[in-house]
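Notes follow the structure.
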Amino acid sequence: MKFFADTAVVAEIDELNSYGLLDGVTTNPSLIAKSGRDFKEVVAEICALVDGPVSAEVAALDFDGMVAEGEHLAKIAPNVVIKLPLTLDGLKACRHFTAKGIKTNVTLCFSANQALLAAKAGATYVSPFVGRLDDIHIDGMDLVREIRQIFDNYGFETQILAASVRSANHVKEAALAGADVATVPAAVIKGLASHVLTDKGLAQFAKDWAATGQSIL
Ligand code: E4P
C-alpha cells in the first residue's frame, strides 16, 4: 500500500520524504486554509519536493468551472492530480481530464455506488472518506472493502485511496482491506514506527551494550 501525506505543510512533507516513506501528497481546501499559504504557490513547492502524485482540489462546483480550474492547476507541474468532487459535474470533469491524459482523484466518496461511478468515469483515484463515516457511526472500512470487491469483480484500474484516515488502526485496516493508497496525516505516519516494546528493548540493549565497554567504530 502506498502512503500519501494528507497535508499542505511543506516542512512535514520534507521530513517524511527524508525517511523515504512518501509516495505522494493530498491536499484539500481545508488543509490549504490551515497552512495559511497561497494555494498555487504551495502546490508548486510540494510538487517540486515530491517524486509522486500531488492532489490539488478544484473549488468550482460546476463542470465548466472545474475544467477551467483543473486545467490551470494541471499546468503547475506534471505530477499534479486534479481532485474533483463526487458529483455529476465532478464525474463529467473527471471524464474530461481522463480523456486528456490528466490524472484525477475523485473525492468525498461515501458509498460503493459513488466509487463505481468514479471508476466508470476513468478516475485515477477514488477517495472513500473512512474517518468521516466513522464519525457518523458507519464503519468506513466496510466501504473500502466493498469498493475493493467491486473493482476486482470488473477489473477497474481506478486506485482506492483511503482518505480521512486518522489513526494507526485505520492504516492497518486500510492495508488489510486492500486499499491501493492511504492518505494519512504526517503525525500518524510517523507514529506507525512506534511501539512500547521497541522502546523498552532498545533501552535494554543500550544498557547492556554500555556494560560491554566496547565501541563499534
Ligand atoms: C484527503 O484527500 C481528504 O481530503 C482528507 O483525508 C479528509 O480528511 P478529514 O476527514 O480528516 O478532514
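Residue numbering restarts at 1 in every chain; chains get A, B, ... in the order shown in the C-alpha cells, and ligands count up from 1 in that same order.
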Using only C-alpha atoms, which protein or nucleic acid residues come within 7 Å of range 1-11 of chain A? Drop anything in the same chain fewer than 6 positions from it, and give the result as an mmCIF file with N, CA and C atoms, in the first residue's frame.
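As a result, part_27.cif now contains:
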```cif
data_model
loop_
_atom_site.group_PDB
_atom_site.id
_atom_site.type_symbol
_atom_site.label_atom_id
_atom_site.label_comp_id
_atom_site.auth_asym_id
_atom_site.auth_seq_id
_atom_site.Cartn_x
_atom_site.Cartn_y
_atom_site.Cartn_z
ATOM 1 N N LEU A 22 7.419 8.429 1.588
ATOM 2 C CA LEU A 22 6.342 9.155 0.929
ATOM 3 C C LEU A 22 6.178 8.770 -0.533
ATOM 4 N N ASP A 23 4.929 8.417 -0.902
ATOM 5 C CA ASP A 23 4.643 8.101 -2.306
ATOM 6 C C ASP A 23 3.870 9.210 -2.999
ATOM 7 N N GLY A 24 3.360 10.163 -2.249
ATOM 8 C CA GLY A 24 2.583 11.244 -2.835
ATOM 9 C C GLY A 24 1.972 12.107 -1.739
ATOM 10 N N VAL A 25 1.166 13.071 -2.155
ATOM 11 C CA VAL A 25 0.569 14.032 -1.203
ATOM 12 C C VAL A 25 -0.869 14.313 -1.638
ATOM 13 N N THR A 26 -1.746 14.505 -0.658
ATOM 14 C CA THR A 26 -3.087 15.024 -0.968
ATOM 15 C C THR A 26 -3.301 16.322 -0.188
ATOM 16 N N THR A 27 -3.968 17.251 -0.856
ATOM 17 C CA THR A 27 -4.366 18.482 -0.166
ATOM 18 C C THR A 27 -5.867 18.635 -0.380
ATOM 19 N N LEU A 31 -7.138 21.997 4.239
ATOM 20 C CA LEU A 31 -5.701 21.898 4.565
ATOM 21 C C LEU A 31 -4.949 23.116 4.046
ATOM 22 N N ILE A 32 -5.371 23.626 2.876
ATOM 23 C CA ILE A 32 -4.724 24.830 2.336
ATOM 24 C C ILE A 32 -5.010 26.012 3.273
ATOM 25 N N SER A 35 -2.888 25.812 6.280
ATOM 26 C CA SER A 35 -1.463 26.112 6.050
ATOM 27 C C SER A 35 -1.204 27.613 5.998
ATOM 28 N N ILE A 46 5.277 21.773 -3.235
ATOM 29 C CA ILE A 46 5.139 20.343 -2.885
ATOM 30 C C ILE A 46 5.490 19.472 -4.093
ATOM 31 N N ALA A 175 -4.903 -1.295 4.851
ATOM 32 C CA ALA A 175 -3.998 -2.246 4.184
ATOM 33 C C ALA A 175 -4.649 -3.634 4.113
ATOM 34 N N ALA A 179 -6.805 -1.440 0.227
ATOM 35 C CA ALA A 179 -6.698 -0.094 -0.367
ATOM 36 C C ALA A 179 -5.359 -0.014 -1.114
ATOM 37 N N ASP A 180 -5.357 0.661 -2.252
ATOM 38 C CA ASP A 180 -4.100 0.819 -3.002
ATOM 39 C C ASP A 180 -3.209 1.857 -2.341
ATOM 40 N N VAL A 181 -3.863 2.869 -1.761
ATOM 41 C CA VAL A 181 -3.155 4.001 -1.155
ATOM 42 C C VAL A 181 -3.904 4.395 0.117
ATOM 43 N N ALA A 182 -3.168 4.878 1.108
ATOM 44 C CA ALA A 182 -3.831 5.555 2.238
ATOM 45 C C ALA A 182 -3.220 6.935 2.329
ATOM 46 N N THR A 183 -4.071 7.952 2.416
ATOM 47 C CA THR A 183 -3.528 9.286 2.645
ATOM 48 C C THR A 183 -3.700 9.593 4.118
ATOM 49 N N VAL A 184 -2.589 9.955 4.747
ATOM 50 C CA VAL A 184 -2.507 9.908 6.205
ATOM 51 C C VAL A 184 -1.822 11.177 6.728
ATOM 52 N N PRO A 185 -2.316 11.765 7.827
ATOM 53 C CA PRO A 185 -1.606 12.905 8.409
ATOM 54 C C PRO A 185 -0.171 12.504 8.802
ATOM 55 N N ALA A 186 0.740 13.466 8.702
ATOM 56 C CA ALA A 186 2.168 13.179 8.936
ATOM 57 C C ALA A 186 2.403 12.560 10.314
#
```
For ligand 1, collect every residue having any atom at a distance of at most 10 Å from a ligand atom (counting only C-alpha atoms and all ligand atoms); output as a ChimeraX atom specification. /A:4-7,25-31,55-57,83,105-109,126-135,161-166,182-185
Keeping only N, CA and C atoms, write the selected residues as a compact mmCIF listing (two decimals), in the first residue's frame.
```txt
# COMPACT_ATOMS: atom_id res chain seq x y z
N PHE A 4 0.37 8.34 1.03
CA PHE A 4 0.37 9.75 0.68
C PHE A 4 0.27 10.54 1.98
N ALA A 5 0.92 11.70 2.03
CA ALA A 5 0.79 12.57 3.20
C ALA A 5 -0.41 13.47 2.98
N ASP A 6 -1.30 13.49 3.96
CA ASP A 6 -2.53 14.29 3.87
C ASP A 6 -2.26 15.63 4.56
N THR A 7 -1.56 16.50 3.86
CA THR A 7 -1.15 17.76 4.47
C THR A 7 -0.72 18.76 3.39
N VAL A 25 1.17 13.07 -2.15
CA VAL A 25 0.57 14.03 -1.20
C VAL A 25 -0.87 14.31 -1.64
N THR A 26 -1.75 14.51 -0.66
CA THR A 26 -3.09 15.02 -0.97
C THR A 26 -3.30 16.32 -0.19
N THR A 27 -3.97 17.25 -0.86
CA THR A 27 -4.37 18.48 -0.17
C THR A 27 -5.87 18.64 -0.38
N ASN A 28 -6.47 19.49 0.40
CA ASN A 28 -7.87 19.86 0.17
C ASN A 28 -8.01 21.32 0.61
N PRO A 29 -9.12 21.98 0.30
CA PRO A 29 -9.25 23.39 0.64
C PRO A 29 -9.07 23.68 2.14
N SER A 30 -9.52 22.75 2.99
CA SER A 30 -9.37 22.98 4.43
C SER A 30 -7.89 22.93 4.83
N LEU A 31 -7.14 22.00 4.24
CA LEU A 31 -5.70 21.90 4.56
C LEU A 31 -4.95 23.12 4.05
N SER A 55 -2.25 15.76 -5.11
CA SER A 55 -3.64 16.14 -5.42
C SER A 55 -3.92 17.58 -5.05
N ALA A 56 -4.48 18.32 -6.02
CA ALA A 56 -4.88 19.71 -5.80
C ALA A 56 -6.36 19.81 -6.19
N GLU A 57 -7.17 20.31 -5.27
CA GLU A 57 -8.63 20.24 -5.44
C GLU A 57 -9.21 21.50 -6.06
N LYS A 83 -8.11 17.05 -8.23
CA LYS A 83 -9.06 16.47 -7.28
C LYS A 83 -10.43 17.09 -7.53
N ASN A 105 -8.36 12.58 -9.01
CA ASN A 105 -8.69 11.97 -7.72
C ASN A 105 -10.12 12.42 -7.41
N VAL A 106 -11.07 11.48 -7.48
CA VAL A 106 -12.46 11.83 -7.21
C VAL A 106 -12.69 11.67 -5.71
N THR A 107 -13.03 12.80 -5.08
CA THR A 107 -13.00 12.88 -3.62
C THR A 107 -14.41 12.97 -3.04
N LEU A 108 -14.47 12.87 -1.71
CA LEU A 108 -15.74 12.93 -0.98
C LEU A 108 -16.64 11.76 -1.40
N CYS A 109 -16.04 10.57 -1.42
CA CYS A 109 -16.78 9.34 -1.76
C CYS A 109 -17.26 8.68 -0.47
N VAL A 126 -10.01 7.06 -6.44
CA VAL A 126 -11.25 7.46 -5.79
C VAL A 126 -10.97 7.46 -4.29
N SER A 127 -11.49 8.49 -3.62
CA SER A 127 -11.16 8.64 -2.20
C SER A 127 -12.36 8.42 -1.29
N PRO A 128 -12.52 7.18 -0.77
CA PRO A 128 -13.53 6.96 0.27
C PRO A 128 -13.05 7.57 1.59
N PHE A 129 -13.94 8.35 2.23
CA PHE A 129 -13.57 9.07 3.46
C PHE A 129 -13.93 8.20 4.67
N VAL A 130 -12.96 7.44 5.12
CA VAL A 130 -13.17 6.47 6.20
C VAL A 130 -13.56 7.15 7.53
N GLY A 131 -12.75 8.12 7.94
CA GLY A 131 -12.97 8.75 9.25
C GLY A 131 -14.30 9.48 9.35
N ARG A 132 -14.70 10.13 8.26
CA ARG A 132 -15.96 10.88 8.32
C ARG A 132 -17.17 9.94 8.40
N LEU A 133 -17.03 8.72 7.83
CA LEU A 133 -18.11 7.74 8.01
C LEU A 133 -18.11 7.24 9.45
N ASP A 134 -16.91 6.95 9.97
CA ASP A 134 -16.83 6.53 11.39
C ASP A 134 -17.47 7.59 12.29
N ASP A 135 -17.26 8.87 11.93
CA ASP A 135 -17.82 9.97 12.74
C ASP A 135 -19.33 9.86 12.89
N LEU A 161 -8.07 5.07 -2.82
CA LEU A 161 -7.23 5.93 -1.98
C LEU A 161 -7.99 6.16 -0.67
N ALA A 162 -7.67 5.37 0.35
CA ALA A 162 -8.36 5.52 1.63
C ALA A 162 -8.02 6.89 2.21
N ALA A 163 -9.05 7.71 2.40
CA ALA A 163 -8.85 9.08 2.89
C ALA A 163 -9.56 9.26 4.22
N SER A 164 -9.33 10.45 4.81
CA SER A 164 -9.88 10.72 6.14
C SER A 164 -9.42 9.61 7.09
N VAL A 165 -8.16 9.24 6.90
CA VAL A 165 -7.51 8.22 7.74
C VAL A 165 -6.88 8.96 8.91
N ARG A 166 -7.25 8.56 10.11
CA ARG A 166 -6.85 9.39 11.25
C ARG A 166 -6.08 8.65 12.34
N ALA A 182 -3.17 4.88 1.11
CA ALA A 182 -3.83 5.56 2.24
C ALA A 182 -3.22 6.93 2.33
N THR A 183 -4.07 7.95 2.42
CA THR A 183 -3.53 9.29 2.64
C THR A 183 -3.70 9.59 4.12
N VAL A 184 -2.59 9.95 4.75
CA VAL A 184 -2.51 9.91 6.21
C VAL A 184 -1.82 11.18 6.73
N PRO A 185 -2.32 11.77 7.83
CA PRO A 185 -1.61 12.91 8.41
C PRO A 185 -0.17 12.50 8.80
```
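Note that the spacing between CA of Ile216 in chain A and CA of Gln204 in chain A amounts to 17.6 Å.
For Val80 in chain A, the set of protein, DNA and RNA residues having any atom at most 8 Å away, when counting only C-alpha atoms and skipping those fewer than 6 positions along the same chain, is A:Cys47, A:Pro53, A:Val54, A:Ser55, A:Ala56, A:Leu73, A:Ala74, A:Lys103.
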Strand (DSSP E or B) per DSSP on the backbone: members of range 138-205 of chain A, as a ChimeraX atom specification: /A:159-163,181-184
Excluding Lys120 in chain A and residues on its chain fewer than 3 positions from it, collect all residues at most 10 Å away from it, counting only C-alpha atoms, and give them as a ChimeraX atom specification. /A:91,94-95,114-117,123,156-158
Nearby residues (only C-alpha atoms) at most 10 Å from Arg145 in chain A, same-chain spacing under 3 positions excluded, as a list in words: Ala112, Gly140, Met141, Asp142, Arg148, Gln149, Ile150, Ile160, Glu173, Ala174, Leu176, Ala177, Gly178 and Ala179 of chain A
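Put simply, CA of Phe39 in chain A is 12.1 Å away from CA of His72 in chain A.
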Using only C-alpha atoms, tabulate the residues of range 6-54 of chain A lying at most 12 Å from any atom of range 188-196 of chain A, each with its closest atom pair and that distance in Å to one decimal, by chain and increasing residue number, as a Markdown table.
```
| residue | atom | partner | partner_atom | distance |
| --- | --- | --- | --- | --- |
| A:Asp6 | CA | A:Ile189 | CA | 9.8 |
| A:Thr7 | CA | A:Val188 | CA | 11.5 |
| A:Glu12 | CA | A:Lys190 | CA | 10.2 |
| A:Ile13 | CA | A:Ile189 | CA | 11.0 |
| A:Glu15 | CA | A:Lys190 | CA | 9.8 |
| A:Leu16 | CA | A:Lys190 | CA | 7.9 |
| A:Asn17 | CA | A:Lys190 | CA | 11.4 |
| A:Ser18 | CA | A:Lys190 | CA | 11.9 |
| A:Tyr19 | CA | A:Lys190 | CA | 9.6 |
| A:Gly20 | CA | A:Lys190 | CA | 11.7 |
| A:Leu21 | CA | A:Ile189 | CA | 8.5 |
| A:Leu22 | CA | A:Ile189 | CA | 9.5 |
```
Put those residues in a file: C-alpha atoms, as a PDB file, in the first residue's frame.
```pdb
ATOM      1  CA  ASP A   6      -2.525  14.288   3.873  1.00  0.00           C
ATOM      2  CA  THR A   7      -1.147  17.762   4.474  1.00  0.00           C
ATOM      3  CA  GLU A  12       6.015  17.859   7.240  1.00  0.00           C
ATOM      4  CA  ILE A  13       6.300  16.625   3.652  1.00  0.00           C
ATOM      5  CA  GLU A  15      10.559  15.339   6.798  1.00  0.00           C
ATOM      6  CA  LEU A  16       8.557  12.304   5.587  1.00  0.00           C
ATOM      7  CA  ASN A  17      10.394  12.457   2.287  1.00  0.00           C
ATOM      8  CA  SER A  18      13.718  12.285   4.111  1.00  0.00           C
ATOM      9  CA  TYR A  19      12.671   8.921   5.634  1.00  0.00           C
ATOM     10  CA  GLY A  20      11.802   7.629   2.159  1.00  0.00           C
ATOM     11  CA  LEU A  21       8.254   6.991   3.344  1.00  0.00           C
ATOM     12  CA  LEU A  22       6.342   9.155   0.929  1.00  0.00           C
TER      13      LEU A  22
END
```
As a check of understanding: the span from CA of Gly70 in chain A to CA of Tyr125 in chain A is 15.4 Å
